[in-house]
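I have placed the structure first, in the form of structure tokens, so that the comments after it can refer back to it.
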Amino acid sequence: MSRKANALDLNGIFLLDKPTGITSNGALQRSKWLFRAKKAGHTGSLDPIASGLLPLCLGEGTKLSGFLLNTDKRYQVRVRLGVATETGDTEGAVIETQPVPPLSAEFIEGYLAPFRGEILQVPPMYSALKHQGQRLYDLARKGIEVEREARAVTIYELRLEGFDATSMDLDVHCSKGTYIRTLAEDLGRAMGCGGHVEILRRTAVGDLKVADAHTLDHLEALAEAERPGLLLPLDTIVSGLPAVHLNDQLSFYLRKGEAVLVPKAPTEGWVRLYGRHALFMGMGEVLDDGRIAPRRLVKLKREPSDGAASP
């Protein structure tokens, strides 16, 4: 029997510490194969040169991936100064070299300060954004450059970790949609010498930390039966949102797609939904009238009987 036929219905979150030299999709497919999972998806790509935290959603977890796509991220980055490349990182050809001014902590800090808070970034041509149905990186590889509109992003924290004569190491905590390559290029341009990303590592996605992640080598070294033990519960990636516990009657109606009124529930925003035995049901959203509408429901392992759930 084929491996596909033997695929498992695994539901959970796997925190992968992606190595450099592999695409996010390549890392996803390798992990999916090792878990023998029927369905899996990642929650925001890392470039091949980047390492670090890549949360993978298995099975019903794919319904929740958007919550991680929309959260903040943290990176450690080494910016090589004096050299600009086509792609803003080490994968692109060098397009310009300039002398680097004498560096000091005070000198660098003066240039970091304007990049903290809300800033505007022009997305790079070598990105997955689309223009008239085509990926920008596909156009860039054909030598085509199109105008891109600047977008507002937020740099919550930008800290100098170290430097030498031609590089600086930074810790960056930023909002969704921030391009670290663009940040490196803009910093280098502001300093008058150009720059690009030499080393990039993602250390956090929302509340998830790379310290809790596992490498592909570790996953491969485990026996097949041990690998599912590395999966985190489905609600891990939304643990920061308020929880709402439903009785069987409310669970029954919500499962049918109806909005329900829950006493003492939050009055706005997204909520985690739990049914009998504190079993995670998925995500709901509070409507203007205070009722909670089902939005991203996952399949329960144990369904209450219709008799118990019905009014």
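Ligands are numbered from 1 in the order shown, chains are lettered A, B, ... in the order of the structure tokens, and residues start at 1 in each chain.
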- Task: Per DSSP on the backbone, filter segment 227-266 of chain A down to the residues in strand (DSSP E or B) and report them as a PyMOL selection string.
- Result: chain A and resi 232+243-245+260
Output N, CA and C atoms of each residue in that selection to a file, as a CSV table (one decimal), in the first residue's frame.
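Dumped everything to out_26.csv:
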chain,number,residue,atom,x,y,z
A,232,LEU,N,1.8,20.3,19.0
A,232,LEU,CA,1.2,21.1,20.0
A,232,LEU,C,-0.3,21.1,19.7
A,243,ALA,N,-11.1,33.0,25.8
A,243,ALA,CA,-11.7,31.7,25.7
A,243,ALA,C,-13.2,31.9,26.1
A,244,VAL,N,-14.1,31.2,25.3
A,244,VAL,CA,-15.5,31.1,25.7
A,244,VAL,C,-15.9,29.6,25.7
A,245,HIS,N,-16.5,29.2,26.9
A,245,HIS,CA,-16.9,27.8,27.1
A,245,HIS,C,-18.4,27.7,26.9
A,260,VAL,N,-24.7,32.5,18.6
A,260,VAL,CA,-25.3,32.2,19.9
A,260,VAL,C,-25.0,33.3,20.8
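The closest residue to Gly59 of chain A, picked from A:Ala105, A:Arg181, A:Gly110, A:Leu231 and counting only C-alpha atoms, is A:Leu231.
One distance worth recording is that between atom CA of Leu158 of chain A and atom CA of Leu170 of chain A, which is 6.8 Å.
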Hey, could you make a per-residue contact list for segment 153-236 of chain A against segment 82-97 of chain A with 12 Å as the cut-off, showing the nearest pair of atoms and its distance in Å to one decimal, counting only C-alpha atoms, sorted by chain and number, as a tab-separated table?
residue	atom	partner	partner_atom	distance
A:Ala165	CA	A:Gly82	CA	10.2
A:Thr166	CA	A:Gly82	CA	7.0
A:Ser167	CA	A:Gly82	CA	8.7
A:Met168	CA	A:Gly82	CA	11.5
A:Tyr179	CA	A:Gly88	CA	10.0
A:Ile180	CA	A:Gly88	CA	9.0
A:Arg181	CA	A:Gly88	CA	5.2
A:Thr182	CA	A:Gly88	CA	6.8
A:Leu183	CA	A:Gly88	CA	9.3
A:Ala184	CA	A:Gly88	CA	7.5
A:Glu185	CA	A:Gly88	CA	6.3
A:Asp186	CA	A:Gly88	CA	9.9
A:Leu187	CA	A:Gly82	CA	11.1
A:Gly188	CA	A:Gly82	CA	7.4
A:Arg189	CA	A:Ala84	CA	9.0
A:Ala190	CA	A:Gly82	CA	11.7
A:Met191	CA	A:Gly82	CA	9.4
A:Gly192	CA	A:Gly82	CA	8.5
A:Cys193	CA	A:Gly82	CA	4.7
A:Gly194	CA	A:Gly82	CA	5.1
A:Gly195	CA	A:Ala84	CA	5.1
A:His196	CA	A:Gly88	CA	4.8
A:Val197	CA	A:Asp89	CA	4.4
A:Glu198	CA	A:Thr90	CA	5.7
A:Ile199	CA	A:Asp89	CA	8.4
A:Leu200	CA	A:Asp89	CA	9.3
Could you write those residues out with C-alpha atoms, as a PDB file, in the first residue's frame?
ATOM      1  CA  ALA A 165      33.811  47.629  10.511  1.00  0.00           C
ATOM      2  CA  THR A 166      31.340  46.576   7.795  1.00  0.00           C
ATOM      3  CA  SER A 167      28.302  44.981   9.455  1.00  0.00           C
ATOM      4  CA  MET A 168      25.793  45.329  12.256  1.00  0.00           C
ATOM      5  CA  TYR A 179      10.350  43.043   4.833  1.00  0.00           C
ATOM      6  CA  ILE A 180      13.645  42.708   6.684  1.00  0.00           C
ATOM      7  CA  ARG A 181      15.521  42.884   3.358  1.00  0.00           C
ATOM      8  CA  THR A 182      13.913  46.246   2.684  1.00  0.00           C
ATOM      9  CA  LEU A 183      14.766  47.419   6.191  1.00  0.00           C
ATOM     10  CA  ALA A 184      18.418  46.464   5.619  1.00  0.00           C
ATOM     11  CA  GLU A 185      18.490  48.237   2.256  1.00  0.00           C
ATOM     12  CA  ASP A 186      16.828  51.362   3.638  1.00  0.00           C
ATOM     13  CA  LEU A 187      19.224  51.499   6.591  1.00  0.00           C
ATOM     14  CA  GLY A 188      22.231  51.115   4.310  1.00  0.00           C
ATOM     15  CA  ARG A 189      20.890  53.765   1.973  1.00  0.00           C
ATOM     16  CA  ALA A 190      20.303  56.168   4.878  1.00  0.00           C
ATOM     17  CA  MET A 191      23.891  55.605   6.054  1.00  0.00           C
ATOM     18  CA  GLY A 192      25.122  56.452   2.557  1.00  0.00           C
ATOM     19  CA  CYS A 193      26.798  53.143   1.811  1.00  0.00           C
ATOM     20  CA  GLY A 194      24.064  50.648   0.914  1.00  0.00           C
ATOM     21  CA  GLY A 195      23.480  47.306   2.584  1.00  0.00           C
ATOM     22  CA  HIS A 196      21.903  43.883   2.370  1.00  0.00           C
ATOM     23  CA  VAL A 197      20.882  40.988   4.588  1.00  0.00           C
ATOM     24  CA  GLU A 198      23.756  38.593   5.189  1.00  0.00           C
ATOM     25  CA  ILE A 199      22.237  36.426   7.938  1.00  0.00           C
ATOM     26  CA  LEU A 200      18.571  36.213   8.931  1.00  0.00           C
TER      27      LEU A 200
END
- Item | Residue among A:Lys176, A:Lys18, A:Arg159, A:Lys209 lying closest to Leu68 of chain A, counting only C-alpha atoms | A:Lys176
- All helix (DSSP H, G or I) positions in segment 23-158 of chain A, as a PyMOL selection string: chain A and resi 24-35+59-69+105-115+136-141
Could you please take those selected residues and save C-alpha atoms as a compact mmCIF listing (two decimals), in the first residue's frame?
# COMPACT_ATOMS: atom_id res chain seq x y z
CA SER A 24 9.66 27.03 3.33
CA ASN A 25 7.60 24.78 1.06
CA GLY A 26 10.45 22.29 0.85
CA ALA A 27 10.66 22.21 4.65
CA LEU A 28 6.88 21.82 4.85
CA GLN A 29 6.79 18.92 2.40
CA ARG A 30 9.64 17.15 4.18
CA SER A 31 7.90 17.53 7.54
CA LYS A 32 4.56 16.42 6.13
CA TRP A 33 6.20 13.28 4.71
CA LEU A 34 7.91 12.47 8.01
CA PHE A 35 4.66 12.87 9.94
CA GLY A 59 -4.86 18.73 9.53
CA GLU A 60 -7.52 20.97 11.08
CA GLY A 61 -4.75 23.35 12.13
CA THR A 62 -4.64 24.70 8.57
CA LYS A 63 -7.95 26.46 9.31
CA LEU A 64 -6.15 28.61 11.88
CA SER A 65 -3.02 29.51 9.93
CA GLY A 66 -4.28 33.00 9.16
CA PHE A 67 -4.01 33.98 12.80
CA LEU A 68 -0.23 33.52 12.65
CA LEU A 69 0.08 35.18 9.25
CA ALA A 105 27.28 52.48 18.63
CA GLU A 106 26.29 56.15 18.77
CA PHE A 107 26.62 56.58 15.00
CA ILE A 108 24.47 53.50 14.27
CA GLU A 109 21.88 54.44 16.89
CA GLY A 110 21.35 57.76 15.16
CA TYR A 111 20.25 55.92 12.02
CA LEU A 112 18.20 53.25 13.79
CA ALA A 113 16.01 55.74 15.67
CA PRO A 114 14.00 57.00 12.63
CA PHE A 115 13.11 53.41 11.70
CA LEU A 136 6.81 40.14 -8.45
CA TYR A 137 9.79 37.80 -8.22
CA ASP A 138 8.81 36.24 -11.56
CA LEU A 139 8.78 39.68 -13.16
CA ALA A 140 12.08 40.58 -11.48
CA ARG A 141 13.75 37.47 -12.89
